[in-house]
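A.B. asks: Okay, here's the structure, questions in a sec.
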Amino acid sequence: MAPPTSITLRQPDDWHAHLRDGPMLQACAVHTASQFARAIIMPNLVPPVTTVVEAKSYRERIRSAVPAGLAFEPLMTCYLTDGADPAELARGRREGVWVAAKLYPAHATTNSAHGVTSMDRIAPALEAMEKAGMPLLVHGEVTDADVDIFDRETVFLDRVLAPLLKRHQGLKVVLEHITTREGVAFVEAGGARVGGTITPHHLSYNRNALFKGGIRPHLYCLPIAKAEEHRLALRRAATAPGQTQFFLGTDTAPHTADTKECACGCAGIFNAPVAMQVYTQIFAEEGALDRLETFASLNGPRFYGLPVNEQRVTLHAAPLVAPERIDVANGDKSVVVFRPDAPVEWSY
Ligand code: DOR
Ligand code: ZN
């Protein structure tokens with residue numbers, strides 16, 4: 001049978017995106033809004049988004065940064081701190097502002113200094129979320145300096161997430177940007193109340209790529225890419241027939257080139273302009289194009305209890321056309337756009 005030359009699916013959503021603020025938001029919002037109908041907006045601004053008032057005002061800034069004519073709905077999240085207020089969570093949920101709350105273990109990643117230092121501290125907040133049916137989104141890495149960076153996800157599952165799920169039996173949890181075979185197994189074992197997002201970059205390359213011919217700062221993100229067996233496990237999970245628990249989350253996380261190409265570069269990969277093209281490439285390579293819609297457009301809404309999108313989008317089998325970088329602040333700075341090593345043969 002001839003390979004398909006196009007694929008049409010319900011418009012996807014991005015269940016994990018960093019849109020930033022200020023000039024970076026102005027430069028980046030259009031790229032997420034051009035591909036996705038909705039996106040879960042990460043709250044790790046400086047200072048973080050912790051109150052309903054801040055979330056509403058950030059949502060307005062996002063809406064104004066999206067060009068007129070693009071229909072896009074930002075879904076707001078609350079950044080959990082040790083002092084997270086259960087009443088603020090419940091109120092924001094009732095008012096239709098919070099879609100979820102985000103758990104960053106303190107110091108795990110970019111702008112996580114205000115993150116959570118112990119799960120006991122947020123138990124009241126988690127109880128309120130459980131009652132309100134509000135999902136907890138988890139950056140699943142321990143931060144202990146004595147745990148190897150490649151083991152931080154699996155250690156987190158055992159030490160932190162398994163006890164948390166036991167303690168909060170009704171809480172819905174998304175293990176964000178999974179990077180390991182153990183992460184896949186953990187989500188599967190958790191049943192319907194546990195979901196997992198998978199990024200285009202973790203499906204595209206393994207940890208060797210970070211050091212191919214020299215150090216590659218634009219492939220550095222957290223959790224860091226793991227060994228090949230883990231990448232293959234992610235590809236199997238995303239494309240498995242009938243799977244309902246894994247869904248699209250790009251973790252698009254722009255940093256200007258100067259802050260990545262330096263002695264201590266930032267973690268984060270800007271993939272928004274190429275996200276659907278890369279996911280489609282991966283599903284095509286796996287012979288699973290007929291399952292792309294489930295992963296990109298159906299499983300996420302079902303998990304969050306939101307309607308699926310009615311609009312359709314079409315991708316064509318044609319070499320990727322996308323900028324290598326985009327300008328920020330009138331060209332004073334730029335952000336490098338993610339590219340997998342292998343060719344991407346899909347475009348909008
Ligand atoms: O690589 C990452 N970048 N991982 C995260 O968890 C945060 C993100 C960012 O905000 O830059
Ligand atoms: Zn993220």
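Identifiers in the structure tokens: chain A, B, ... in order shown; residue index from 1 per chain; ligand index from 1 in order shown.
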Neighbouring residues of Ile198 (chain A) were defined as those with any atom within 9 Å, considering only C-alpha atoms; residues of the same chain fewer than 4 positions away were excluded. Please report them as a PDB file with N, CA and C atoms, in the first residue's frame.

C.D. replies:
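Dumped everything to part24.pdb:
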```
ATOM      1  N   GLU A 176       4.236  14.316  34.194  1.00  0.00           N
ATOM      2  CA  GLU A 176       4.558  15.124  33.020  1.00  0.00           C
ATOM      3  C   GLU A 176       5.877  14.688  32.380  1.00  0.00           C
ATOM      4  N   HIS A 177       5.952  14.905  31.073  1.00  0.00           N
ATOM      5  CA  HIS A 177       7.164  14.643  30.279  1.00  0.00           C
ATOM      6  C   HIS A 177       7.922  13.393  30.755  1.00  0.00           C
ATOM      7  N   ILE A 178       7.263  12.251  30.658  1.00  0.00           N
ATOM      8  CA  ILE A 178       7.927  11.020  31.122  1.00  0.00           C
ATOM      9  C   ILE A 178       9.117  10.701  30.214  1.00  0.00           C
ATOM     10  N   THR A 179      10.134  10.145  30.830  1.00  0.00           N
ATOM     11  CA  THR A 179      11.374   9.886  30.074  1.00  0.00           C
ATOM     12  C   THR A 179      11.883   8.457  30.233  1.00  0.00           C
ATOM     13  N   HIS A 202      11.658  13.916  23.606  1.00  0.00           N
ATOM     14  CA  HIS A 202      12.010  12.640  24.243  1.00  0.00           C
ATOM     15  C   HIS A 202      11.662  11.442  23.358  1.00  0.00           C
ATOM     16  N   LEU A 203      10.754  11.656  22.398  1.00  0.00           N
ATOM     17  CA  LEU A 203      10.472  10.582  21.428  1.00  0.00           C
ATOM     18  C   LEU A 203      11.512  10.555  20.315  1.00  0.00           C
ATOM     19  N   LEU A 234       8.967   4.891  25.367  1.00  0.00           N
ATOM     20  CA  LEU A 234       8.059   6.038  25.196  1.00  0.00           C
ATOM     21  C   LEU A 234       7.320   5.944  23.863  1.00  0.00           C
ATOM     22  N   ARG A 235       8.057   5.563  22.836  1.00  0.00           N
ATOM     23  CA  ARG A 235       7.424   5.445  21.505  1.00  0.00           C
ATOM     24  C   ARG A 235       6.358   4.361  21.513  1.00  0.00           C
ATOM     25  N   ALA A 238       3.248   5.750  23.522  1.00  0.00           N
ATOM     26  CA  ALA A 238       2.458   6.770  22.807  1.00  0.00           C
ATOM     27  C   ALA A 238       1.638   6.149  21.684  1.00  0.00           C
ATOM     28  N   PHE A 246      -1.816   8.038  27.779  1.00  0.00           N
ATOM     29  CA  PHE A 246      -0.712   8.908  27.371  1.00  0.00           C
ATOM     30  C   PHE A 246      -1.225   9.934  26.381  1.00  0.00           C
ATOM     31  N   PHE A 247      -0.800  11.184  26.575  1.00  0.00           N
ATOM     32  CA  PHE A 247      -1.239  12.225  25.659  1.00  0.00           C
ATOM     33  C   PHE A 247      -0.153  13.262  25.416  1.00  0.00           C
ATOM     34  N   LEU A 248      -0.459  14.123  24.447  1.00  0.00           N
ATOM     35  CA  LEU A 248       0.520  15.079  23.933  1.00  0.00           C
ATOM     36  C   LEU A 248       0.795  16.201  24.942  1.00  0.00           C
ATOM     37  N   GLY A 249       2.059  16.443  25.201  1.00  0.00           N
ATOM     38  CA  GLY A 249       2.475  17.585  26.008  1.00  0.00           C
ATOM     39  C   GLY A 249       3.859  17.958  25.525  1.00  0.00           C
ATOM     40  N   THR A 250       3.981  19.103  24.855  1.00  0.00           N
ATOM     41  CA  THR A 250       5.262  19.399  24.195  1.00  0.00           C
ATOM     42  C   THR A 250       6.370  19.768  25.167  1.00  0.00           C
ATOM     43  N   ASP A 251       5.995  20.355  26.316  1.00  0.00           N
ATOM     44  CA  ASP A 251       6.980  20.978  27.204  1.00  0.00           C
ATOM     45  C   ASP A 251       7.805  22.012  26.442  1.00  0.00           C
TER      46      ASP A 251
END
```

A.B. asks: As a ChimeraX atom specification, please: every residue in region 27-239 of chain A that a backbone DSSP assignment puts in strand (DSSP E or B).

C.D. replies: /A:38-41,73-79,98-103,105,116,136-138,173-175,194-198

A.B. asks: Which residue, A:Met134, A:Val313, A:Leu165, A:Ala253, has the smallest gap to ligand 1 when you use only C-alpha atoms and all ligand atoms?

C.D. replies: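 Of A:Met134, A:Val313, A:Leu165, A:Ala253, the one nearest ligand 1 is A:Ala253, counting only C-alpha atoms and all ligand atoms.
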
A.B. asks: Please return as a ChimeraX atom specification the residues found within 12 Å of ligand 2, counting only C-alpha atoms and all ligand atoms.

C.D. replies: /A:14-20,40-45,102-104,108-112,137-140,175-178,197-199,221-224,249-254,267-271

A.B. asks: Can you work out which one of A:Gly242, A:Pro3, A:Pro105, A:Pro86 has the shortest atom-to-atom distance to ligand 1, counting only C-alpha atoms and all ligand atoms?

C.D. replies: A:Pro105

A.B. asks: When you look at region 293-300 of chain A with a cut-off of 10 Å (counting only C-alpha atoms), what residues show up, excluding the ones that are within fewer than 4 positions of it in the same chain? I need them as a compact mmCIF listing (two decimals) with all heavy atoms, in the first residue's frame.

C.D. replies:
```txt
# COMPACT_ATOMS: atom_id res chain seq x y z
N ILE A 7 -2.66 13.48 6.50
CA ILE A 7 -3.47 12.94 7.60
C ILE A 7 -4.30 14.09 8.16
O ILE A 7 -3.78 15.20 8.38
CB ILE A 7 -2.61 12.25 8.68
CG1 ILE A 7 -3.51 11.85 9.86
CG2 ILE A 7 -1.45 13.10 9.15
CD1 ILE A 7 -2.83 10.98 10.89
N THR A 8 -5.58 13.81 8.38
CA THR A 8 -6.49 14.82 8.94
C THR A 8 -6.98 14.32 10.28
O THR A 8 -7.34 13.15 10.41
CB THR A 8 -7.66 15.06 7.97
OG1 THR A 8 -7.13 15.59 6.76
CG2 THR A 8 -8.67 16.05 8.55
N LEU A 9 -6.94 15.19 11.27
CA LEU A 9 -7.37 14.79 12.62
C LEU A 9 -8.04 15.98 13.31
O LEU A 9 -7.88 17.12 12.90
CB LEU A 9 -6.21 14.23 13.45
CG LEU A 9 -5.03 15.13 13.79
CD1 LEU A 9 -4.30 14.61 15.00
CD2 LEU A 9 -4.05 15.23 12.63
N ARG A 10 -8.76 15.66 14.39
CA ARG A 10 -9.29 16.74 15.22
C ARG A 10 -8.13 17.61 15.68
O ARG A 10 -7.05 17.08 16.00
CB ARG A 10 -9.97 16.16 16.47
CG ARG A 10 -11.33 15.62 16.22
CD ARG A 10 -11.93 15.09 17.51
NE ARG A 10 -13.09 14.29 17.20
CZ ARG A 10 -14.33 14.77 17.10
NH1 ARG A 10 -14.58 16.05 17.31
NH2 ARG A 10 -15.34 13.98 16.80
N GLN A 11 -8.36 18.90 15.80
CA GLN A 11 -7.25 19.76 16.20
C GLN A 11 -6.72 19.34 17.57
O GLN A 11 -7.49 19.11 18.51
CB GLN A 11 -7.67 21.24 16.27
CG GLN A 11 -6.45 22.12 16.49
CD GLN A 11 -6.75 23.61 16.43
OE1 GLN A 11 -7.91 24.01 16.45
NE2 GLN A 11 -5.71 24.40 16.37
N PRO A 12 -5.41 19.16 17.69
CA PRO A 12 -4.84 18.73 18.97
C PRO A 12 -4.75 19.86 19.99
O PRO A 12 -4.94 21.04 19.67
CB PRO A 12 -3.44 18.26 18.59
CG PRO A 12 -3.14 18.88 17.28
CD PRO A 12 -4.43 19.25 16.61
N ASP A 13 -4.47 19.47 21.23
CA ASP A 13 -4.20 20.40 22.33
C ASP A 13 -2.81 20.07 22.86
O ASP A 13 -2.35 18.95 22.75
CB ASP A 13 -5.21 20.20 23.47
CG ASP A 13 -6.64 20.35 23.01
OD1 ASP A 13 -7.00 21.44 22.52
OD2 ASP A 13 -7.41 19.37 23.12
N ASP A 14 -2.19 21.07 23.47
CA ASP A 14 -0.90 20.84 24.10
C ASP A 14 -1.11 20.84 25.61
O ASP A 14 -1.41 21.88 26.21
CB ASP A 14 0.09 21.95 23.69
CG ASP A 14 1.49 21.69 24.24
OD1 ASP A 14 1.63 20.76 25.06
OD2 ASP A 14 2.42 22.42 23.85
N TRP A 15 -0.94 19.69 26.23
CA TRP A 15 -1.24 19.57 27.66
C TRP A 15 -0.06 19.92 28.55
O TRP A 15 -0.07 19.59 29.75
CB TRP A 15 -1.82 18.16 27.96
CG TRP A 15 -3.07 17.98 27.16
CD1 TRP A 15 -3.18 17.33 25.96
CD2 TRP A 15 -4.37 18.53 27.44
NE1 TRP A 15 -4.48 17.45 25.48
CE2 TRP A 15 -5.21 18.17 26.38
CE3 TRP A 15 -4.89 19.29 28.49
CZ2 TRP A 15 -6.56 18.55 26.32
CZ3 TRP A 15 -6.22 19.66 28.44
CH2 TRP A 15 -7.04 19.30 27.37
N PHE A 36 -2.29 24.44 18.17
CA PHE A 36 -3.14 23.81 19.18
C PHE A 36 -4.35 24.69 19.50
O PHE A 36 -4.26 25.92 19.51
CB PHE A 36 -2.33 23.55 20.46
CG PHE A 36 -1.15 22.64 20.19
CD1 PHE A 36 0.16 23.15 20.14
CD2 PHE A 36 -1.35 21.28 19.97
CE1 PHE A 36 1.23 22.31 19.87
CE2 PHE A 36 -0.28 20.44 19.71
CZ PHE A 36 1.02 20.96 19.66
N ALA A 37 -5.47 24.02 19.82
CA ALA A 37 -6.68 24.76 20.18
C ALA A 37 -6.59 25.27 21.61
O ALA A 37 -7.10 26.33 21.94
CB ALA A 37 -7.91 23.86 20.02
N GLY A 195 -2.38 9.88 34.29
CA GLY A 195 -2.03 10.10 32.89
C GLY A 195 -0.55 10.42 32.77
O GLY A 195 0.12 10.69 33.77
N GLY A 196 -0.06 10.41 31.54
CA GLY A 196 1.35 10.77 31.30
C GLY A 196 1.46 11.56 30.02
O GLY A 196 0.82 11.20 29.02
N THR A 197 2.22 12.67 30.04
CA THR A 197 2.47 13.39 28.79
C THR A 197 3.85 12.99 28.26
O THR A 197 4.75 12.61 29.03
CB THR A 197 2.41 14.92 28.97
OG1 THR A 197 3.32 15.31 30.01
CG2 THR A 197 1.01 15.38 29.32
N ILE A 198 3.98 13.08 26.94
CA ILE A 198 5.25 12.71 26.29
C ILE A 198 5.60 13.81 25.30
O ILE A 198 4.76 14.26 24.51
CB ILE A 198 5.12 11.34 25.59
CG1 ILE A 198 4.54 10.27 26.54
CG2 ILE A 198 6.50 10.90 25.07
CD1 ILE A 198 4.44 8.87 25.94
N ALA A 237 4.66 3.37 24.15
CA ALA A 237 3.53 3.83 24.99
C ALA A 237 2.64 4.79 24.21
O ALA A 237 1.41 4.65 24.21
CB ALA A 237 4.07 4.52 26.24
N ALA A 238 3.25 5.75 23.52
CA ALA A 238 2.46 6.77 22.81
C ALA A 238 1.64 6.15 21.68
O ALA A 238 0.52 6.59 21.42
CB ALA A 238 3.38 7.84 22.24
N THR A 239 2.19 5.14 21.03
CA THR A 239 1.56 4.61 19.81
C THR A 239 0.82 3.30 20.03
O THR A 239 0.30 2.72 19.08
CB THR A 239 2.64 4.40 18.71
OG1 THR A 239 3.61 3.44 19.20
CG2 THR A 239 3.35 5.68 18.34
N ALA A 240 0.77 2.79 21.26
CA ALA A 240 0.15 1.48 21.51
C ALA A 240 -1.33 1.50 21.14
O ALA A 240 -2.04 2.46 21.44
CB ALA A 240 0.32 1.09 22.97
N PRO A 241 -1.81 0.42 20.51
CA PRO A 241 -3.24 0.36 20.15
C PRO A 241 -4.11 0.43 21.39
O PRO A 241 -3.82 -0.23 22.39
CB PRO A 241 -3.40 -1.03 19.50
CG PRO A 241 -2.04 -1.62 19.38
CD PRO A 241 -1.07 -0.79 20.16
N GLY A 242 -5.12 1.27 21.35
CA GLY A 242 -6.09 1.32 22.44
C GLY A 242 -5.61 2.01 23.70
O GLY A 242 -6.33 2.04 24.69
N GLN A 243 -4.42 2.60 23.68
CA GLN A 243 -3.95 3.23 24.92
C GLN A 243 -4.77 4.48 25.21
O GLN A 243 -5.13 5.22 24.31
CB GLN A 243 -2.43 3.49 24.89
CG GLN A 243 -1.94 4.61 23.98
CD GLN A 243 -2.00 5.98 24.61
OE1 GLN A 243 -2.33 6.13 25.80
NE2 GLN A 243 -1.72 7.00 23.84
N THR A 244 -5.07 4.71 26.49
CA THR A 244 -5.92 5.86 26.85
C THR A 244 -5.22 6.82 27.80
O THR A 244 -5.74 7.89 28.10
CB THR A 244 -7.19 5.37 27.58
OG1 THR A 244 -6.79 4.58 28.69
CG2 THR A 244 -8.09 4.56 26.67
N GLN A 245 -4.04 6.44 28.31
CA GLN A 245 -3.45 7.22 29.41
C GLN A 245 -2.34 8.19 28.99
O GLN A 245 -1.95 9.04 29.79
CB GLN A 245 -2.89 6.27 30.45
CG GLN A 245 -3.96 5.53 31.23
CD GLN A 245 -3.33 4.49 32.12
OE1 GLN A 245 -3.07 3.37 31.68
NE2 GLN A 245 -3.04 4.85 33.35
N PHE A 246 -1.82 8.04 27.78
CA PHE A 246 -0.71 8.91 27.37
C PHE A 246 -1.22 9.93 26.38
O PHE A 246 -1.98 9.61 25.47
CB PHE A 246 0.42 8.07 26.76
CG PHE A 246 0.99 7.09 27.74
CD1 PHE A 246 0.60 5.76 27.70
CD2 PHE A 246 1.86 7.51 28.74
CE1 PHE A 246 1.10 4.85 28.64
CE2 PHE A 246 2.36 6.61 29.67
CZ PHE A 246 1.97 5.27 29.63
N PHE A 247 -0.80 11.18 26.58
CA PHE A 247 -1.24 12.22 25.66
C PHE A 247 -0.15 13.26 25.42
O PHE A 247 0.89 13.27 26.08
CB PHE A 247 -2.56 12.86 26.08
CG PHE A 247 -2.75 13.07 27.56
CD1 PHE A 247 -2.34 14.26 28.16
CD2 PHE A 247 -3.35 12.11 28.34
CE1 PHE A 247 -2.55 14.48 29.51
CE2 PHE A 247 -3.55 12.31 29.71
CZ PHE A 247 -3.14 13.50 30.30
N LEU A 248 -0.46 14.12 24.45
CA LEU A 248 0.52 15.08 23.93
C LEU A 248 0.80 16.20 24.94
O LEU A 248 -0.13 16.84 25.44
CB LEU A 248 -0.05 15.65 22.63
CG LEU A 248 0.77 16.56 21.76
CD1 LEU A 248 0.21 16.57 20.34
CD2 LEU A 248 0.91 17.98 22.29
N GLY A 249 2.06 16.44 25.20
CA GLY A 249 2.47 17.58 26.01
C GLY A 249 3.86 17.96 25.53
O GLY A 249 4.82 17.21 25.73
N MET A 276 3.75 19.42 16.02
CA MET A 276 2.89 18.42 15.37
C MET A 276 3.59 17.71 14.22
O MET A 276 3.37 16.52 13.98
CB MET A 276 1.58 19.07 14.89
CG MET A 276 0.51 19.17 15.94
SD MET A 276 0.23 17.65 16.89
CE MET A 276 -0.44 16.54 15.64
N TYR A 279 5.71 15.01 15.98
CA TYR A 279 4.87 13.90 16.48
C TYR A 279 4.37 13.05 15.30
O TYR A 279 4.34 11.82 15.37
CB TYR A 279 3.66 14.44 17.24
CG TYR A 279 3.91 14.89 18.67
CD1 TYR A 279 3.67 16.21 19.05
CD2 TYR A 279 4.33 13.99 19.65
CE1 TYR A 279 3.85 16.62 20.37
CE2 TYR A 279 4.50 14.41 20.98
CZ TYR A 279 4.26 15.72 21.33
OH TYR A 279 4.43 16.13 22.63
N THR A 280 3.95 13.72 14.23
CA THR A 280 3.42 12.97 13.09
C THR A 280 4.50 12.09 12.47
O THR A 280 4.27 10.93 12.13
CB THR A 280 2.83 13.94 12.04
OG1 THR A 280 1.89 14.79 12.70
CG2 THR A 280 2.13 13.20 10.92
N PHE A 283 4.87 9.01 14.69
CA PHE A 283 3.78 8.05 14.51
C PHE A 283 3.88 7.38 13.14
O PHE A 283 3.59 6.18 13.01
CB PHE A 283 2.41 8.73 14.71
CG PHE A 283 2.00 8.78 16.16
CD1 PHE A 283 2.65 9.61 17.07
CD2 PHE A 283 0.98 7.97 16.65
CE1 PHE A 283 2.30 9.64 18.41
CE2 PHE A 283 0.61 7.98 17.99
CZ PHE A 283 1.27 8.83 18.88
N LEU A 289 0.05 6.01 12.28
CA LEU A 289 -0.61 7.29 11.98
C LEU A 289 -2.09 7.27 12.37
O LEU A 289 -2.64 8.29 12.76
CB LEU A 289 -0.48 7.62 10.49
CG LEU A 289 0.82 8.28 10.06
CD1 LEU A 289 0.81 8.53 8.56
CD2 LEU A 289 1.06 9.60 10.82
N TYR A 304 -9.01 15.21 31.26
CA TYR A 304 -9.35 16.46 31.94
C TYR A 304 -10.85 16.71 32.02
O TYR A 304 -11.28 17.70 32.61
CB TYR A 304 -8.68 17.65 31.24
CG TYR A 304 -7.21 17.81 31.61
CD1 TYR A 304 -6.20 17.18 30.90
CD2 TYR A 304 -6.84 18.60 32.70
CE1 TYR A 304 -4.86 17.33 31.24
CE2 TYR A 304 -5.51 18.76 33.05
CZ TYR A 304 -4.53 18.13 32.32
OH TYR A 304 -3.21 18.29 32.66
N GLY A 305 -11.64 15.84 31.39
CA GLY A 305 -13.09 16.03 31.42
C GLY A 305 -13.53 17.23 30.59
O GLY A 305 -14.48 17.92 30.94
N LEU A 306 -12.84 17.48 29.48
CA LEU A 306 -13.16 18.61 28.61
C LEU A 306 -13.65 18.08 27.27
O LEU A 306 -13.29 16.96 26.88
CB LEU A 306 -11.92 19.49 28.41
CG LEU A 306 -11.43 20.21 29.67
CD1 LEU A 306 -10.06 20.84 29.44
CD2 LEU A 306 -12.44 21.28 30.09
N PRO A 307 -14.43 18.88 26.54
CA PRO A 307 -14.90 18.39 25.23
C PRO A 307 -13.74 18.28 24.24
O PRO A 307 -12.76 19.02 24.35
CB PRO A 307 -15.88 19.49 24.77
CG PRO A 307 -15.58 20.67 25.61
CD PRO A 307 -14.95 20.21 26.88
N VAL A 308 -13.87 17.38 23.27
CA VAL A 308 -12.85 17.30 22.22
C VAL A 308 -13.07 18.46 21.25
O VAL A 308 -14.17 19.00 21.17
CB VAL A 308 -12.89 15.94 21.47
CG1 VAL A 308 -12.55 14.80 22.41
CG2 VAL A 308 -14.23 15.72 20.79
N ASN A 309 -12.04 18.83 20.52
CA ASN A 309 -12.17 19.92 19.56
C ASN A 309 -12.91 19.45 18.31
O ASN A 309 -12.73 18.31 17.87
CB ASN A 309 -10.77 20.44 19.16
CG ASN A 309 -10.04 21.00 20.36
OD1 ASN A 309 -10.64 21.72 21.16
ND2 ASN A 309 -8.76 20.66 20.51
```

A.B. asks: So that I can see what lies close to Val53 (chain A), please list as a list in words the residues with an atom at most 12 Å from it, counting only C-alpha atoms and leaving out residues fewer than 6 positions away in the same chain.

C.D. replies: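 So, after excluding close chain neighbours, the residues are Arg59, Glu60, Met76, Cys78, Glu88, Leu89, Arg91, Gly92, Glu95, Val97 and Trp98 of chain A.
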
A.B. asks: From a DSSP pass on the backbone, collect the residues of region 11-234 of chain A flagged as alpha helix (DSSP H) and hand them back as JSON, numbers by chain.

C.D. replies: {"A": [22, 23, 24, 25, 26, 27, 28, 29, 30, 31, 32, 33, 34, 35, 52, 53, 54, 55, 56, 57, 58, 59, 60, 61, 62, 63, 64, 65, 86, 87, 88, 89, 90, 91, 92, 93, 94, 123, 124, 125, 126, 127, 128, 129, 130, 131, 132, 152, 153, 154, 155, 156, 162, 163, 164, 165, 166, 167, 181, 182, 183, 184, 185, 186, 187, 188, 189, 190, 200, 201, 202, 203, 204, 228, 229, 230, 231, 232, 233, 234]}

A.B. asks: I'd like the neighbourhood of region 318-320 of chain A as a ChimeraX atom specification, where a residue qualifies if any of its atoms comes within 9 Å (using only C-alpha atoms), though same-chain residues fewer than 4 positions away should be ignored.

C.D. replies: /A:5-6,274,277-278,343-348

A.B. asks: Do you know which residues are at most 9 Å from Tyr58 (chain A) counting only C-alpha atoms, after dropping those on the same chain fewer than 4 positions away, and could you put them as a PyMOL selection string?

C.D. replies: chain A and resi 21+49+53-54+62-63+76

A.B. asks: Find the residues near Glu182 (chain A): any atom within 12 Å, counting only C-alpha atoms, skip ones fewer than 2 places away on the same chain, and give them as a PyMOL selection string.

C.D. replies: chain A and resi 140+151-158+175+178-180+184-189+196+226+229-231+233-234+237

A.B. asks: What is the CA of Phe72 (chain A)-CA of Pro301 (chain A) distance in Å, reported with one decimal?

C.D. replies: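 Interatomic distance here is 14.9 Å.
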
A.B. asks: Could you please determine the separation between CA of Cys28 (chain A) and CA of Ala209 (chain A) in Å, to one decimal place?

C.D. replies: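 About the pair CA of Cys28 (chain A) and CA of Ala209 (chain A): they are 25.5 Å apart.
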
A.B. asks: Separation of CA of Thr50 (chain A) and CA of Asp120 (chain A), in Å?

C.D. replies: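 Separation of CA of Thr50 (chain A) and CA of Asp120 (chain A): 18.6 Å.
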